[in-house]
Structures are given as C-alpha cells and as structure tokens.
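Contents: one structure, followed by commentary.
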Amino acid sequence: MSFFANMFKFGSQNMAIDLGTANTLVYVQDQGIVLNEPSVVAIETINGIKRVKAVGDDAKMMMGKTPDTIEAIRPLRDGVIADIEIAEEMIKHFIRKVHGKRNLFRYPEIVICVPSGSTSVEKRAIRDAASNAGASEVHLILEPMAAAIGADMPVTEPVGSMVVDIGGGTTEVAVLSLRGLAYTTSVRTGGDKMDEAIVSYVRRHHNLLIGDATAERIKKDYGIAVTPEDGEGESITLKGRDLVNGVPKEITINQSHVAEALNEPIGAIVEGVRIALENTAPELAADIVDQGIVLTGGGALIRRLDEHLREETGLPVSIAEDPLTCVAIGTGRAMEDPIYRGVLMTA
C-alpha cells in the first residue's frame with residue numbers, strides 16, 4: 001500500500017485521461033477537466049512520408065472532406081486501440097497541449113480508463129501508448145467504475161448500484177459494490193453503431209447516401225428512443241448523394257424514422273442491461289430496486305432513453321448530472337482521492 005500512498009504526491013502534472021472512441025477528455029490534478037476534443041488524427045503523406053497534420057477538433061472538421069494526401073483516422077474503435085502508433089501521437093499531442101511549452105522536470109503519472117471487456121493485450125496496448133507518449137507511470141481504471149465515481153454513486157459502500165455507460169464504441173453495464181465490480185458486461189454497441197444505423201436506414205429507405213458527420217448530427221439533435229407521441233415528431237432535412245442518379249439531393253424525414261433506425265442498437269443496450277440484471281446476486285438486486293439504474297456517457301442524452309429503459313426493466317432509471325464528463329471526472333477523483341485508490345490497476 002505504501003506504493004499507492006506515495007502515488008500522485010506531485011500535484012499538478014498528474015493526469016487522468018478518458019481515452020474514448022469518440023472524444024478524449026483530460027483531467028489534470030487540482031485543475032479538473034482541461035481538455036475535451038474528438039479522438040481523431042489527420043495524417044498527411046508527402047513523398048511516402050507520413051506526418052501528423054492535425055489532432056482533435058481540427059482533424060474532426062476534415063473527416064470525409066480530405067484530399068488523397070490526407071487521411072483523417074480515429075485510432076480507437078469499439079473502445080480499444082485499433083492503431084497504436086496513431087494513438088500514441090494523439091496522446092502525445094494532448095499531453096503537450098495540456099502542459100503548454102514549458103519544460104517538464106518530470107513526466108506526468110497517468111491514469112487511463114479502459115472498457116471492462118478489454119483483454120490483457122488491449123490493456124497493454126493502451127499502457128504502452130501512454131508510456132511511449134512520455135508517462136512515467138501508467139495506471140488503469142475500468143470505465144464503469146470511473147463512470148460510477150463520477151456520477152457520485154456509493155461505490156465504496158456495501159450497497160449494490162448499477163451503472164450503464166453508453167460511450168461511442170461500447171456500452172458498459174456494471175453492478176458495483178465495495179470498490180469492485182460484482183458483475184459487468186461490455187456490449188460493443190454505442191454512439192458509432194447508432195450513426196451507422198441512421199446511415200443504413202436512409203440508404204435503404206430513401207436511396208440517399210449520407211456521411212457519418214451528418215448521421216451524428218441527426219442523432220444528437222433529433223435522436224429519440226421511442227416513437228414520438230404524435231407519430232411523427234420534428235421534421236429533419238438531409239442532404240447527401242442520390243444512389244440512383246448519382247447527384248446531390250435533399251430529402252425530409254421525421255423523428256419517428258430516426259426512432260425506427262435506432263431501434264436495433266438501443267435494443268442491444270437494453271438486452272445488455274437485462275443480461276446484467278439476470279446475473280446479479282439477489283442481495284445486490286434488492287439494492288438496485290431501491291437505488292435504480294444510472295445512465296452515463298453521451299448515449300444517455302438520447303431523448304426518452306431513460307423512459308424506454310424504465311418500461312423495459314420496471315426499475316427506476318436516472319441520468320447522471322453531466323453524463324458526457326462522468327468517466328473523466330471519476331478517473332480524476334480515483335487519482336486524487338485516497339478513498340478510491342484501491343480501484344486503480346497496473347496493466
């Protein structure tokens with residue numbers, strides 16, 4: 001325990017990173033969240049030599065609009081590193097951005113959250129990426145645990161509580177008690193699968209090809225888990241390429257179409273929650289009846305998702321106060337607060 005007692009005693013340079021499929025958030029000790037940018041890197045190839053052109057917000061703006069020499073890449077897929085070299089470059093960039101130009105006497109100690117379903121190989125890839133980016137020590141924390149800490153759930157007490165963290169690549173469903181995961185399941189469905197579902201729905205029903213960025217905008221602005229009460233909801237204008245004539249075209253759909261498109265990915269999330277409830281010990285299940293289910297992550301912002309989950313499970317469902325930053329805040333608290341030190345792992 002003396003190792004953990006000495007951890008992070010050097011204050012401001014220690015970092016907690018929520019390395020997400022869609023967004024990366026950086027929490028600096030004693031400062032809170034200082035960076036929140038998309039997990040996107042733009043790579044430019046000149047004379048066969050690759051170099052990083054842009055990272056984060058700047059790279060996200062290039063997605064789907066790059067010439068042949070530039071490629072916008074998302075180094076994480078389904079919550080795990082798909083391209084370790086690009087992920088290293090991204091982590092290095094974010095560390096430099098947070099620390100500015102000043103020279104560091106020492107590199108920071110970093111805590112990174114990982115999906116609960118990550119294999120030891122995937123965990124090692126994340127640890128190696130952070131080490132190569134300059135971290136002196138790397139510790140990992142499981143995503144649902146970080147989400148629960150960030151949502152102020154009683155994870156250190158002998159009380160069962162359930163968290164559903166709907167991220168970009170995965171949905172983490174976990175039952176927590178006494179600083180540990182009593183049961184956890186990781187469903188490889190999240191915001192990305194919802195975007196894909198919208199793209200394929202529009203292509204199938206309207207012969208229109210839309211980009212991922214357009215699908216993401218529809219999900220954020222008009223995404224709804226159940227059909228609106230009036231049967232239609234708001235109207236949405238879409239622009240894309242007509243697959244029949246090959247020319248740009250504009251169409252109008254409504255929210256009930258979006259609800260229909262999202263039916264499958266939301267169904268997979270509900271099924272993950274059901275499986276977790278079936279595998280929960282009876283005493284913990286009794287606690288969950290009282291405590292209810294807490295939703296975190298960007299997917300929790302889909303309209304009426306809490307209501308839909310309440311109907312499907314018969315349990316009280318609430319949305320965390322700030323679902324988008326729950327994991328980053330929880331990872332930061334685990335780094336700072338001695339109460340949570342026991343939840344950190346070494347890869």
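Naming works like this for the structure tokens: A, B, ... for the chains as they're shown, residue 1 at the start of each chain, ligands 1 onward in shown order.
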Based on the backbone DSSP call, show me all residues of segment 88-333 of chain A assigned alpha helix (DSSP H), as an MDAnalysis selection string.
chainID A and resid 88:99 120:132 143:150 191:206 212:222 255:261 263:278 282:291 305:313 326:333
When you look at Thr227 of chain A with a cut-off of 12 Å (counting only C-alpha atoms), what residues show up, excluding the ones that are within fewer than 6 positions of it in the same chain? I need them as a list in words.
Gly233, Glu234, Asn254, Gln255, Ser256, His257, Val258, Ala259, Glu260, Ala261, Leu262, Asn263, Arg303, Arg304, Leu305, Glu307 and His308 of chain A
Export C-alpha atoms of the chosen residues as a PDB file, in the first residue's frame?
ATOM      1  CA  GLY A 233     -42.160  14.389 -34.217  1.00  0.00           C
ATOM      2  CA  GLU A 234     -39.904  17.044 -35.722  1.00  0.00           C
ATOM      3  CA  ASN A 254     -39.064  12.884 -39.275  1.00  0.00           C
ATOM      4  CA  GLN A 255     -38.200  11.721 -35.766  1.00  0.00           C
ATOM      5  CA  SER A 256     -40.269   8.551 -35.990  1.00  0.00           C
ATOM      6  CA  HIS A 257     -37.914   7.432 -38.802  1.00  0.00           C
ATOM      7  CA  VAL A 258     -34.926   8.162 -36.548  1.00  0.00           C
ATOM      8  CA  ALA A 259     -36.533   6.133 -33.722  1.00  0.00           C
ATOM      9  CA  GLU A 260     -37.040   3.252 -36.182  1.00  0.00           C
ATOM     10  CA  ALA A 261     -33.390   3.482 -37.308  1.00  0.00           C
ATOM     11  CA  LEU A 262     -32.132   3.454 -33.692  1.00  0.00           C
ATOM     12  CA  ASN A 263     -34.361   0.536 -32.695  1.00  0.00           C
ATOM     13  CA  ARG A 303     -34.209  11.548 -25.759  1.00  0.00           C
ATOM     14  CA  ARG A 304     -36.564   9.298 -23.779  1.00  0.00           C
ATOM     15  CA  LEU A 305     -33.954   6.540 -23.457  1.00  0.00           C
ATOM     16  CA  GLU A 307     -38.113   6.268 -20.072  1.00  0.00           C
ATOM     17  CA  HIS A 308     -37.710   3.349 -22.516  1.00  0.00           C
TER      18      HIS A 308
END
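Distance annotation: of A:Ala151, A:Ala286, A:Leu19, A:Ile70, the residue with the minimal separation from Gly48 of chain A is A:Ile70; atom set is only C-alpha atoms.
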Figure out the distance between atom CA of Ala125 of chain A and atom CA of Gly79 of chain A, please, to one decimal in Å.
12.2 Å
Considering only C-alpha atoms, state which residue in the set A:Gly231, A:Pro316, A:Gly160, A:Pro265 is at the smallest distance from Val187 of chain A.
A:Pro265
For atom CA of Ile86 of chain A and atom CA of Leu344 of chain A, quote the distance in Å rounded to one decimal.
25.5 Å
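Here atom CA of Leu176 of chain A and atom CA of Met162 of chain A stand 6.3 Å from one another.
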